[in-house]
Every structure is written in C-alpha cells, then in structure tokens.
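Contents: one structure, followed by commentary.
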Number of protein chains: 2
Amino acid sequence: MNVTFLEKLSGLRAQKSSVLCVGLDPDPEKMPVHLLKKYSVSEAVRVFCEQIIATTSPFAVAYKINFAFFEALGDEGTQVMRSVLKSIPDEILTIADAKRGDIGNSASFYAKSVFEDLEFYSVTVSPYMGKDSLLPFLNYPKTCTFALARTSNAGGNDFQLLDVGGEPLYVNVAKKVASWAATTPGTAGLVVGATDVKSMANLRKMLPEVPFLIPGVGSQGGSASEVMSASGSGPVLINSSRSILFASAGQDFAQKAAEIAQITQEELGK
Amino acid sequence: MNVTFLEKLSGLRAQKSSVLCVGLDPDPEKMPVHLLKKYSVSEAVRVFCEQIIATTSPFAVAYKINFAFFEALGDEGTQVMRSVLKSIPDEILTIADAKRGDIGNSASFYAKSVFEDLEFYSVTVSPYMGKDSLLPFLNYPKTCTFALARTSNAGGNDFQLLDVGGEPLYVNVAKKVASWAATTPGTAGLVVGATDVKSMANLRKMLPEVPFLIPGVGSQGGSASEVMSASGSGPVLINSSRSILFASAGQDFAQKAAEIAQITQEELGK
C-alpha cells in the first residue's frame, strides 16, 4: 500500500473508465454444479472466485469479499479467503465486507486482522456503537472504512429512516462518521444502497467528497444511470454481486460473468 | 441442544446461584508473560482461555467468546476458538460475541456458521440493518440472539440516545427486536450496558421477559447491586471480562481469576 485508497480509486477510474466493484458472495447453492461435483465445497468456492476474478478483472476497480460465505466454510474459510485475495491483481482495490462494530479495544483487533494480517484496502463497519468503535479503523491512513448509512435491504427502513431532530437517522450517521475522519480525510466512506437514489442524492449534496460504496445495483433492483446521477462527481464504487457471479450456472460461468461485468461497467460509464 | 437457551439459563441460575458470564477477550498484551514465553501467541491464547475456564466454571453460567481476539490470530484463530469452546463444560452456555449484521442472505450464512458449525448457544448482533438481518438468527428456536440496544462504551451515546418520536433510539430498537421474536419467544435478547442503569431499568419495565446480556460490570465501572436491581426479575446474564481474566499476570492468573469470579458471582447474588 504505497498510495491511499482514494488515490488508487481515482487512478483506476481514470485508467479503466470503471467504478465497478464485483462482490464475491459465493453461495454454494447458486454456484455451478460441475464445480461442486468435482471439488469439496471449500475448494469449489476457491476455484469459483478465482475464475470469476480472472475473467472480470479487466472491468473492475475493486472486489468486495463477503466474510459470511467464507466463515461458513469453517476452519478452511480463512485459507480460502487468503487464496482468493492473493488472486486479485495488485492494482485492484479490495474490500473486507465484514460489517464490524465493537468497543474500541475489540475494534482495534478487528482492524489489525483486516488491514495488517489480511491486508485489505478497505472494510465495512456498522455505526451503531459510535465513534470509539470506528476510530481504530480510521487510524489506518491509507485505507478506507465504509460505515453503513442507508442500506439496500428491506430492513434498512426499520431504523435508518427514523426521524431524529428533523432528519433521518442515516443522515445523522453519515454526517457524524464523516466528521470523525476530519483529521484523516478519505479514511471514512459510507455504504449507500442503490435502491434509494433520493437518499443518495441527498447525502451527496451534504458530503461531496466522501467515498460511497453503493450496493444494490443489479439483482437488488437499482438502475445504473439513476445511481450514477445521484452519486454525483464524488468518489464512488458501485457493487454488483449476484447478477455477475451467477450469470450462468454452467461451464461458461466465468465467461458469462465477464460479459455481465462489462455490460455493467459500460452502463455505469454512460 | 435439547433444551432452549432460556430453559438452560433458568436452570443454571437456580442450581449455581449465579448469573455470571465470563467474557473471553484474550488480549495477548495483557496475558501472563510466562505463557507468551513458553508458547506461540495462538497456543498461549488457547492455554490461557482453557485454564481460565477450568478454574472459573464453578461460578459461571456462561462464557462469551469475543471473536475479535480469535480472528486476530489469523489462520489458526478458528481452530483455537474451537478448542476453547470444547473445553467449556457442556452444561454451561456459550455466546458468540461477533456482533453480526448483514442482509438476509449473508446473515443466514453467519447464523449457520455460529449455530450449526461452531454450535454456540447464542450470538450478539447489530440491529442497524433491521428485521431481515436478524430473522435468520431468530429462526433457530433453541438459541438466543442478543441485539445491541444500549452499549456500555462511550460511543454508545452517539446514536443510541438520539430522540426518535419521544423516546431514545435504543428503546425503539429494543421494542422492535422483541416484537420480531414474538412468534419464537426467548430467541431474541438485548445487550444492555451496566454503565447506564437508568436505561436498563427503563427497558426492563417495558420488556419484563426479554433476556438481557449485560456487559460493563467490573473494569468498565458498573456496580453489581445497582445492575441486579435495575435488571429486575427477568432473565439476565452479567458479563465480566477484563477484571476476571487479568486479575493477575503471574503464574497464579487462573487461581486469581477464579477468586474474582467467585467474588463477582457472590456480589451479583446479594
């Protein structure tokens, strides 16, 4: 890590005309059957992810690794994740999608694991426990920590839209998180779902320079052009997982994934 | 798991006159130096936790395993955790302190990992992503899922005390989480810090039957008698970590831990 997350993101966007982040959510039930017949589940996950990375990397500026699917592999999970991570080309960004959130002392151990041991460029965290649960992550100046603000799932409405003093909770969260990174600019970003472009435009207006990690384009329903318009000219990563990963369940899965990745990249670039 | 979490908790409380949960937060910097000289860090963590469990188990009804400290061990982390888990006597409850929180599909993989693979009785989760992020956990009828409501850290004030429609956010969270478990009673509990006994008493009045996991007694400053009074007659687990684990950094660490565990158990029983 010689450059910061933001510098790298900016360089990649210019070079590849892409803001596409491919989300690696290897759900064995959706993976090609021929891989599961040939390998153990852990090995199938590894081969699946590595082949997806090999074919989609020309179109992606980042890969987001969803920890749930690797932890579900049991003891082999960390080794499989490490192998998948190693197969991501050096010039491409990596995001540990782990949604961490704990008191300061524990948070510093999670940060150490993700940034020092696994050497991710970036991580997702939950804001509910407040400032001291985020600072141990923000202390790594070359990384970026994306706090959940407005998530794309149905349950995202349960608390995030509650009115707190005339604004929704997610706005309060976003402003506070951004302020906590004021002394280390670029180290804090926000997760803002593609399914609510009004909220996204609202946040972008308030926080023009904060990086947004935007899930929910594709399978979850957000449209590329609306999202690009709402996210404005600030730093963005648009994540797509299932529509790319599971574009085909046949022998051609990696080729089809690349086709969808390219189409998504082009749509986002319009 | 032949009985539910709540039945087991109730039985243990009657049998052992204890509500003590010992939190396993094995921070190598605070662990006895002789262990770190003799073993690798991973092995030292394993030996440390297993010896603490051996001496404190007469006084405890549960052990809470903090995932941060095991993940920080890298590839060996899961194996060390599995070994520590195995050393906990069968009759005692276990809590995966992992503070999970993700969209439904990912959450179901986290739930599977924690409840089916690792066979924990219980888990902690973050509520920020709402109902669909919790339901995959609540679907396991014999377990209990503790959602963060009012946490004991300083940052707990940043969002949890925000006013939403005349009540603090943590109350809104607590009531919604409890309602989501209405069809599977006993499967949802709340994390309520010992550092704010007023909030605790407030929540107990509203939710007399919901299990509370209460951290923050001991090192973080909450007093045992105030906490027992505020938590009322509903199901509780009072967690103490550092004051027991690091009672001594010498050869007698496990013995001293047992002494503090016994004192804490007795104070909580007064």
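Each chain of the structure tokens is named A, B, ... in the order shown, its residues numbered from 1; ligands are numbered from 1 in display order.
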At a cut-off of 8 Å, which residues of chain A touch chain B? Count only C-alpha atoms and give the answer as a ChimeraX atom specification. /A:66,68-69,71-75,78-79,99-103,106-107,109-110,112-113,117,126-133,151,153-160,162-165,173
How about saving the chosen residues, N, CA and C atoms kept, as a compact mmCIF listing (two decimals), in the first residue's frame?
# COMPACT_ATOMS: atom_id res chain seq x y z
N ASN A 66 -17.30 -10.92 0.81
CA ASN A 66 -18.32 -11.04 1.85
C ASN A 66 -17.92 -12.15 2.83
N ALA A 68 -19.27 -13.57 5.30
CA ALA A 68 -20.24 -14.58 5.72
C ALA A 68 -20.01 -15.90 4.99
N PHE A 69 -19.75 -15.81 3.67
CA PHE A 69 -19.66 -17.02 2.87
C PHE A 69 -18.35 -17.77 3.10
N GLU A 71 -16.67 -17.58 6.22
CA GLU A 71 -16.76 -18.11 7.58
C GLU A 71 -17.60 -19.38 7.61
N ALA A 72 -18.60 -19.44 6.72
CA ALA A 72 -19.46 -20.62 6.68
C ALA A 72 -18.70 -21.86 6.22
N LEU A 73 -17.48 -21.69 5.70
CA LEU A 73 -16.68 -22.84 5.29
C LEU A 73 -15.94 -23.48 6.46
N GLY A 74 -16.09 -22.89 7.64
CA GLY A 74 -15.43 -23.48 8.82
C GLY A 74 -13.94 -23.20 8.85
N ASP A 75 -13.19 -24.17 9.34
CA ASP A 75 -11.75 -23.97 9.55
C ASP A 75 -11.01 -23.55 8.29
N THR A 78 -10.65 -19.12 6.28
CA THR A 78 -9.62 -18.08 6.20
C THR A 78 -8.60 -18.39 5.11
N GLN A 79 -8.22 -19.66 5.00
CA GLN A 79 -7.26 -20.06 3.96
C GLN A 79 -7.83 -19.84 2.56
N LYS A 99 -18.70 -5.91 8.07
CA LYS A 99 -19.65 -5.15 8.89
C LYS A 99 -19.31 -5.23 10.37
N ARG A 100 -18.07 -4.93 10.68
CA ARG A 100 -17.58 -4.96 12.05
C ARG A 100 -18.17 -3.84 12.87
N GLY A 101 -18.17 -4.02 14.20
CA GLY A 101 -18.63 -2.95 15.09
C GLY A 101 -18.54 -3.45 16.51
N ASP A 102 -17.56 -2.93 17.26
CA ASP A 102 -17.39 -3.37 18.64
C ASP A 102 -16.68 -2.26 19.40
N ILE A 103 -16.61 -2.41 20.74
CA ILE A 103 -15.94 -1.37 21.54
C ILE A 103 -14.47 -1.26 21.13
N SER A 106 -11.74 -4.13 21.23
CA SER A 106 -12.03 -5.22 20.29
C SER A 106 -11.92 -4.73 18.85
N ALA A 107 -12.39 -3.52 18.60
CA ALA A 107 -12.34 -2.96 17.24
C ALA A 107 -10.91 -2.88 16.75
N PHE A 109 -8.54 -4.90 17.41
CA PHE A 109 -8.12 -6.24 16.98
C PHE A 109 -8.73 -6.61 15.63
N TYR A 110 -10.00 -6.22 15.42
CA TYR A 110 -10.61 -6.47 14.11
C TYR A 110 -9.86 -5.68 13.02
N LYS A 112 -6.77 -4.68 13.03
CA LYS A 112 -5.45 -5.29 12.82
C LYS A 112 -5.58 -6.52 11.93
N SER A 113 -6.58 -7.34 12.19
CA SER A 113 -6.80 -8.55 11.41
C SER A 113 -7.05 -8.21 9.94
N ASP A 117 -3.10 -8.19 8.90
CA ASP A 117 -2.91 -9.61 8.60
C ASP A 117 -3.42 -9.92 7.18
N SER A 126 -20.34 -1.31 11.03
CA SER A 126 -21.66 -0.88 11.47
C SER A 126 -21.47 0.29 12.45
N PRO A 127 -22.26 1.36 12.32
CA PRO A 127 -22.01 2.55 13.14
C PRO A 127 -22.67 2.53 14.52
N TYR A 128 -23.51 1.53 14.83
CA TYR A 128 -24.40 1.63 16.00
C TYR A 128 -23.68 1.90 17.31
N MET A 129 -22.45 1.42 17.47
CA MET A 129 -21.73 1.61 18.73
C MET A 129 -20.93 2.91 18.78
N GLY A 130 -21.01 3.71 17.71
CA GLY A 130 -20.45 5.05 17.77
C GLY A 130 -18.96 5.20 17.53
N LYS A 131 -18.50 6.42 17.87
CA LYS A 131 -17.17 6.88 17.48
C LYS A 131 -16.04 5.94 17.88
N ASP A 132 -16.01 5.50 19.14
CA ASP A 132 -14.85 4.70 19.57
C ASP A 132 -14.81 3.32 18.91
N SER A 133 -15.94 2.91 18.30
CA SER A 133 -15.92 1.64 17.59
C SER A 133 -15.38 1.79 16.17
N THR A 151 -28.82 1.35 3.95
CA THR A 151 -28.58 0.06 3.30
C THR A 151 -29.72 -0.33 2.35
N ASN A 153 -31.28 -3.23 1.81
CA ASN A 153 -32.24 -4.29 2.14
C ASN A 153 -33.54 -3.71 2.70
N ALA A 154 -34.61 -4.53 2.71
CA ALA A 154 -35.92 -4.06 3.19
C ALA A 154 -35.81 -3.56 4.64
N GLY A 155 -35.09 -4.31 5.47
CA GLY A 155 -34.94 -3.93 6.88
C GLY A 155 -34.18 -2.63 7.09
N GLY A 156 -33.55 -2.14 6.03
CA GLY A 156 -32.86 -0.86 6.12
C GLY A 156 -33.79 0.27 6.53
N ASN A 157 -35.08 0.09 6.27
CA ASN A 157 -36.05 1.14 6.65
C ASN A 157 -36.39 1.14 8.14
N ASP A 158 -36.14 0.02 8.83
CA ASP A 158 -36.62 -0.12 10.20
C ASP A 158 -36.07 0.97 11.13
N PHE A 159 -34.79 1.27 11.02
CA PHE A 159 -34.19 2.28 11.90
C PHE A 159 -33.62 3.47 11.12
N GLN A 160 -33.10 3.22 9.94
CA GLN A 160 -32.34 4.24 9.23
C GLN A 160 -33.20 5.44 8.81
N LEU A 162 -35.80 6.57 10.66
CA LEU A 162 -36.41 7.22 11.83
C LEU A 162 -35.99 8.69 11.87
N ASP A 163 -36.95 9.54 12.22
CA ASP A 163 -36.66 10.97 12.27
C ASP A 163 -35.92 11.34 13.55
N VAL A 164 -34.74 11.92 13.41
CA VAL A 164 -34.02 12.41 14.59
C VAL A 164 -33.75 13.90 14.40
N GLY A 165 -34.52 14.70 15.10
CA GLY A 165 -34.35 16.16 15.02
C GLY A 165 -34.53 16.72 13.63
N VAL A 173 -26.05 9.68 11.00
CA VAL A 173 -24.92 8.74 10.98
C VAL A 173 -23.86 9.22 9.97
Give me the residues near Asn202 in chain A as a list of chain:residue names, where near means some atom within 12 Å (using only C-alpha atoms) and where sequence neighbours in that chain fewer than 6 positions away do not count. A:Arg150, A:Glu167, A:Pro168, A:Tyr170, A:Val171, A:Ala174, A:Lys175, A:Val192, A:Asp196, A:Pro208, A:Ser229, A:Ala230, A:Ser231, A:Gly232
Go through range 97-184 of chain B and flag each residue having an atom no more than 10 Å from range 1-7 of chain B; for those, report the closest pair of atoms plus their distance in Å to one decimal, using only C-alpha atoms, ordered by chain and rising number, as JSON lines.
{"residue": "B:Glu119", "atom": "CA", "partner": "B:Met1", "partner_atom": "CA", "distance": 8.8}
{"residue": "B:Phe120", "atom": "CA", "partner": "B:Met1", "partner_atom": "CA", "distance": 9.6}
{"residue": "B:Tyr121", "atom": "CA", "partner": "B:Phe5", "partner_atom": "CA", "distance": 6.5}
{"residue": "B:Ser122", "atom": "CA", "partner": "B:Phe5", "partner_atom": "CA", "distance": 7.6}
{"residue": "B:Tyr140", "atom": "CA", "partner": "B:Thr4", "partner_atom": "CA", "distance": 9.8}
{"residue": "B:Pro141", "atom": "CA", "partner": "B:Thr4", "partner_atom": "CA", "distance": 7.2}
{"residue": "B:Lys142", "atom": "CA", "partner": "B:Thr4", "partner_atom": "CA", "distance": 4.1}
{"residue": "B:Thr143", "atom": "CA", "partner": "B:Phe5", "partner_atom": "CA", "distance": 5.3}
{"residue": "B:Cys144", "atom": "CA", "partner": "B:Phe5", "partner_atom": "CA", "distance": 6.1}
{"residue": "B:Thr145", "atom": "CA", "partner": "B:Phe5", "partner_atom": "CA", "distance": 9.8}
Store the residues picked out above in a file with N, CA and C atoms, as an mmCIF file, in the first residue's frame.
data_model
loop_
_atom_site.group_PDB
_atom_site.id
_atom_site.type_symbol
_atom_site.label_atom_id
_atom_site.label_comp_id
_atom_site.auth_asym_id
_atom_site.auth_seq_id
_atom_site.Cartn_x
_atom_site.Cartn_y
_atom_site.Cartn_z
ATOM 1 N N GLU B 119 -21.634 -24.407 16.829
ATOM 2 C CA GLU B 119 -22.568 -24.881 17.868
ATOM 3 C C GLU B 119 -22.631 -24.004 19.120
ATOM 4 N N PHE B 120 -22.593 -22.700 18.906
ATOM 5 C CA PHE B 120 -22.835 -21.783 20.022
ATOM 6 C C PHE B 120 -24.318 -21.824 20.401
ATOM 7 N N TYR B 121 -24.598 -21.486 21.641
ATOM 8 C CA TYR B 121 -25.976 -21.387 22.114
ATOM 9 C C TYR B 121 -26.565 -20.018 21.814
ATOM 10 N N SER B 122 -25.700 -19.060 21.508
ATOM 11 C CA SER B 122 -26.159 -17.683 21.500
ATOM 12 C C SER B 122 -25.175 -16.823 20.704
ATOM 13 N N TYR B 140 -33.609 -19.989 14.731
ATOM 14 C CA TYR B 140 -33.102 -21.154 15.469
ATOM 15 C C TYR B 140 -33.776 -21.156 16.846
ATOM 16 N N PRO B 141 -34.777 -22.021 17.048
ATOM 17 C CA PRO B 141 -35.663 -21.882 18.209
ATOM 18 C C PRO B 141 -35.006 -22.141 19.569
ATOM 19 N N LYS B 142 -33.890 -22.870 19.599
ATOM 20 C CA LYS B 142 -33.284 -23.180 20.904
ATOM 21 C C LYS B 142 -32.165 -22.232 21.289
ATOM 22 N N THR B 143 -31.927 -21.242 20.444
ATOM 23 C CA THR B 143 -30.823 -20.311 20.699
ATOM 24 C C THR B 143 -31.360 -18.968 21.180
ATOM 25 N N CYS B 144 -30.448 -18.069 21.506
ATOM 26 C CA CYS B 144 -30.840 -16.694 21.813
ATOM 27 C C CYS B 144 -29.890 -15.730 21.105
ATOM 28 N N THR B 145 -30.466 -14.738 20.450
ATOM 29 C CA THR B 145 -29.696 -13.756 19.697
ATOM 30 C C THR B 145 -29.818 -12.404 20.392
#
Exercise: Leu20 in chain A partners within 8 Å, only C-alpha atoms, chain neighbours under 3 positions left out, as a list of chain:residue names: A:Phe59, A:Ala60, A:Val61, A:Ala62, A:Leu237, A:Ile238, A:Asn239, A:Ser240, A:Ala261, A:Thr264, A:Gln265, A:Leu268
Would you export the selected residues with C-alpha atoms as a compact mmCIF listing (two decimals), in the first residue's frame, please?
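For reference, out.txt as written:
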# COMPACT_ATOMS: atom_id res chain seq x y z
CA PHE A 59 -13.76 -4.35 -15.94
CA ALA A 60 -13.48 -4.00 -12.15
CA VAL A 61 -11.74 -1.46 -9.93
CA ALA A 62 -12.45 -3.40 -6.74
CA LEU A 237 -17.66 2.27 -6.02
CA ILE A 238 -20.73 0.56 -7.43
CA ASN A 239 -21.03 -3.00 -6.24
CA SER A 240 -22.72 -5.77 -8.13
CA ALA A 261 -19.39 -7.23 -15.73
CA THR A 264 -22.46 -3.20 -16.09
CA GLN A 265 -19.21 -1.26 -16.36
CA LEU A 268 -22.18 2.85 -15.29
Find the residues around Val47 in chain B up to 9 Å (only C-alpha atoms counted), leave out those fewer than 5 positions away in its own chain, and share them as a list in words. Leu35, Tyr39, Ser42, Ile52 and Val84 of chain B
Run DSSP on the backbone and give me the residues of range 19-264 of chain B it puts in strand (DSSP E), as an MDAnalysis selection string. chainID B and resid 20:24 62:66 93:100 122:125 144:150 163:164 167:168 188:192 212:214 236:240
For the residues in that selection, give me C-alpha atoms as a PDB file, in the first residue's frame.
ATOM      1  CA  LEU B  20     -22.164 -14.581  35.851  1.00  0.00           C
ATOM      2  CA  CYS B  21     -20.967 -14.723  32.259  1.00  0.00           C
ATOM      3  CA  VAL B  22     -17.182 -14.716  31.892  1.00  0.00           C
ATOM      4  CA  GLY B  23     -16.101 -12.822  28.781  1.00  0.00           C
ATOM      5  CA  LEU B  24     -13.123 -14.352  26.992  1.00  0.00           C
ATOM      6  CA  ALA B  62     -21.959 -18.736  30.517  1.00  0.00           C
ATOM      7  CA  TYR B  63     -18.803 -17.908  28.592  1.00  0.00           C
ATOM      8  CA  LYS B  64     -18.835 -15.176  25.972  1.00  0.00           C
ATOM      9  CA  ILE B  65     -16.201 -15.583  23.275  1.00  0.00           C
ATOM     10  CA  ASN B  66     -15.104 -12.313  21.692  1.00  0.00           C
ATOM     11  CA  LEU B  93     -23.983 -21.657  27.997  1.00  0.00           C
ATOM     12  CA  THR B  94     -21.852 -20.158  25.231  1.00  0.00           C
ATOM     13  CA  ILE B  95     -22.195 -16.803  23.486  1.00  0.00           C
ATOM     14  CA  ALA B  96     -20.557 -15.913  20.166  1.00  0.00           C
ATOM     15  CA  ASP B  97     -19.745 -12.243  20.667  1.00  0.00           C
ATOM     16  CA  ALA B  98     -19.407 -11.428  16.989  1.00  0.00           C
ATOM     17  CA  LYS B  99     -21.847  -8.500  16.560  1.00  0.00           C
ATOM     18  CA  ARG B 100     -23.036  -9.728  13.192  1.00  0.00           C
ATOM     19  CA  SER B 122     -26.159 -17.683  21.500  1.00  0.00           C
ATOM     20  CA  VAL B 123     -24.788 -14.767  19.447  1.00  0.00           C
ATOM     21  CA  THR B 124     -24.605 -10.977  19.529  1.00  0.00           C
ATOM     22  CA  VAL B 125     -25.860  -8.964  16.524  1.00  0.00           C
ATOM     23  CA  CYS B 144     -30.840 -16.694  21.813  1.00  0.00           C
ATOM     24  CA  THR B 145     -29.696 -13.756  19.697  1.00  0.00           C
ATOM     25  CA  PHE B 146     -28.704 -10.659  21.658  1.00  0.00           C
ATOM     26  CA  ALA B 147     -29.134  -7.438  19.672  1.00  0.00           C
ATOM     27  CA  LEU B 148     -27.143  -4.371  20.682  1.00  0.00           C
ATOM     28  CA  ALA B 149     -29.531  -1.903  22.303  1.00  0.00           C
ATOM     29  CA  ARG B 150     -27.709   0.277  24.856  1.00  0.00           C
ATOM     30  CA  ASP B 163     -34.590  11.107  20.316  1.00  0.00           C
ATOM     31  CA  VAL B 164     -36.949   9.323  17.932  1.00  0.00           C
ATOM     32  CA  GLU B 167     -38.037   8.027  23.092  1.00  0.00           C
ATOM     33  CA  PRO B 168     -34.342   7.257  22.664  1.00  0.00           C
ATOM     34  CA  ALA B 188     -34.258 -12.522  20.999  1.00  0.00           C
ATOM     35  CA  GLY B 189     -32.388 -10.805  23.795  1.00  0.00           C
ATOM     36  CA  LEU B 190     -30.789  -7.394  24.227  1.00  0.00           C
ATOM     37  CA  VAL B 191     -27.315  -6.138  25.066  1.00  0.00           C
ATOM     38  CA  VAL B 192     -27.778  -3.514  27.770  1.00  0.00           C
ATOM     39  CA  PHE B 212     -30.573  -9.084  28.894  1.00  0.00           C
ATOM     40  CA  LEU B 213     -26.872  -9.618  28.306  1.00  0.00           C
ATOM     41  CA  ILE B 214     -25.218  -7.012  30.495  1.00  0.00           C
ATOM     42  CA  VAL B 236     -30.115 -11.857  32.799  1.00  0.00           C
ATOM     43  CA  LEU B 237     -26.509 -12.673  32.128  1.00  0.00           C
ATOM     44  CA  ILE B 238     -23.980 -10.328  33.674  1.00  0.00           C
ATOM     45  CA  ASN B 239     -20.731 -10.303  31.771  1.00  0.00           C
ATOM     46  CA  SER B 240     -17.368  -9.545  33.253  1.00  0.00           C
TER      47      SER B 240
END
To test your reading of the structure, identify every residue in range 13-232 of chain B that backbone DSSP assigns to alpha helix (DSSP H), and report it as a PyMOL selection string. chain B and resi 13-16+33-38+41-56+67-71+77-86+104-111+131-138+156-160+169-180+197-206+224-230
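Computed from the coordinates, the CA of Lys205 in chain B to CA of Ser179 in chain B distance equals 15.4 Å.
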